[in-house]
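Chemist: Structure provided below as structure tokens; questions to follow.
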Amino acid sequence: MNEKVTIAIEKRENLSGSAGKKLRKIGYIPGAINRKGLESVSVKIKKDELMKNVFKYGKNYLFTLDLGGQESYAAMINEMQYSPIKGEVLNVVFQQVSVTEPIKFNLNIKIVGKEAIELKKLHFVQQMDKILVTGLPQDIPDSLEIDVTDLNLNDKVCIGDVKFPKGIETEIEADKIVLVINETRLDDTIIEDVSDDKNSEAVTEEKQ
């Protein structure tokens with residue numbers, strides 16, 4: 001079981017958009033806690049505390065949200081909304097969960113060993129970028145790692161090849177393909193080079 005990590009939260013009374021902007025200006029992030037069968041709880045959280053814990057433990061971690069010592073919620077981050085231009089966090093939504101009831105969760109796939117594949121003039125094509133798993137909230141990892149270092153041309157990784165942490169399972173068929181190793185073609189490189197040139201031009205234009 002993961003260590004208990006507590007994040008302090010405060011009740012949020014004013015739910016208007018302008019109130020949210022004011023909160024962000026003074027270092028808070030507006031948020032909500034969704035509860036099964038109950039009304040959601042509107043809260044505010046200090047940005048520094050939230051981001052420090054997200055960076056350290058990941059978005060899928062089971063946090064304890066402490067409401068001034070009066071109430072506490074075992075919850076996971078369900079969604080974080082970001083501004084399209086600056087990428088700043090605008091809002092956070094938590095989902096209250098039970099530590100004794102398994103939940104379903106879409107886990108991101110993290111590819112390890114990309115450099116080794118590229119040295120072989122190969123690349124991988126992902127058929128899946130997330131895997132739906134079931135497990136207790138406290139056992140859910142931040143992502144699922146797949147190591148492609150030793151793979152060669154035409155090799156593939158199926159669900160049955162993925163190493164799931166203890167207590168984590170999936171209902172997806174074992175022969176479902178996650179990724180395939182293909183040969184890097186010349187036109188793939190040309191497309192990438194053209195894309196890089198366009199990006200460079202865009203940056204140059206912005207600076208002028």
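In the structure tokens, the first chain shown is A, the next is B, and so on; residue numbers restart at 1 for each chain, and ligands run from 1 in the order shown.
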Leaving out Gly160 of chain A and any residue of its chain fewer than 6 positions from it, which residues lie within 8 Å of it when counting only C-alpha atoms, given as a PyMOL selection string?

Modeler: chain A and resi 173-176

Chemist: Give me the residues near Ser83 of chain A as an MDAnalysis selection string, where near means some atom within 12 Å (using only C-alpha atoms) and where sequence neighbours in that chain fewer than 5 positions away do not count.

Modeler: chainID A and resid 21 24 88:91

Chemist: Can you list every residue in segment 86-156 of chain A that DSSP puts in strand (DSSP E or B), as a ChimeraX atom specification?

Modeler: /A:89-96,103-112,122-126,130-135,144-147,156

Chemist: Show me, as a VMD selection string, the residues that have an atom within 6 Å of Ser143 of chain A when counting only C-alpha atoms, minus same-chain residues fewer than 4 positions from it.

Modeler: chain A and resid 107 to 109

Chemist: Save out the residues we just selected, all heavy atoms, as an mmCIF file, in the first residue's frame.

Modeler:
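So out_16.cif came out as:
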```
data_model
loop_
_atom_site.group_PDB
_atom_site.id
_atom_site.type_symbol
_atom_site.label_atom_id
_atom_site.label_comp_id
_atom_site.auth_asym_id
_atom_site.auth_seq_id
_atom_site.Cartn_x
_atom_site.Cartn_y
_atom_site.Cartn_z
ATOM 1 N N LEU A 107 -5.025 3.663 -17.858
ATOM 2 C CA LEU A 107 -3.637 4.010 -17.575
ATOM 3 C C LEU A 107 -2.886 4.340 -18.858
ATOM 4 O O LEU A 107 -2.996 3.633 -19.862
ATOM 5 C CB LEU A 107 -2.932 2.847 -16.872
ATOM 6 C CG LEU A 107 -3.259 2.625 -15.393
ATOM 7 C CD1 LEU A 107 -2.478 1.431 -14.869
ATOM 8 C CD2 LEU A 107 -2.917 3.863 -14.577
ATOM 9 N N ASN A 108 -2.119 5.429 -18.814
ATOM 10 C CA ASN A 108 -1.271 5.779 -19.948
ATOM 11 C C ASN A 108 -0.139 4.769 -20.088
ATOM 12 O O ASN A 108 0.321 4.180 -19.098
ATOM 13 C CB ASN A 108 -0.673 7.178 -19.761
ATOM 14 C CG ASN A 108 -1.718 8.265 -19.890
ATOM 15 O OD1 ASN A 108 -2.594 8.203 -20.744
ATOM 16 N ND2 ASN A 108 -1.625 9.272 -19.032
ATOM 17 N N ILE A 109 0.310 4.582 -21.324
ATOM 18 C CA ILE A 109 1.443 3.699 -21.599
ATOM 19 C C ILE A 109 2.704 4.551 -21.743
ATOM 20 O O ILE A 109 2.719 5.541 -22.470
ATOM 21 C CB ILE A 109 1.211 2.893 -22.891
ATOM 22 C CG1 ILE A 109 0.013 1.953 -22.708
ATOM 23 C CG2 ILE A 109 2.461 2.102 -23.268
ATOM 24 C CD1 ILE A 109 -0.433 1.277 -23.984
#
```
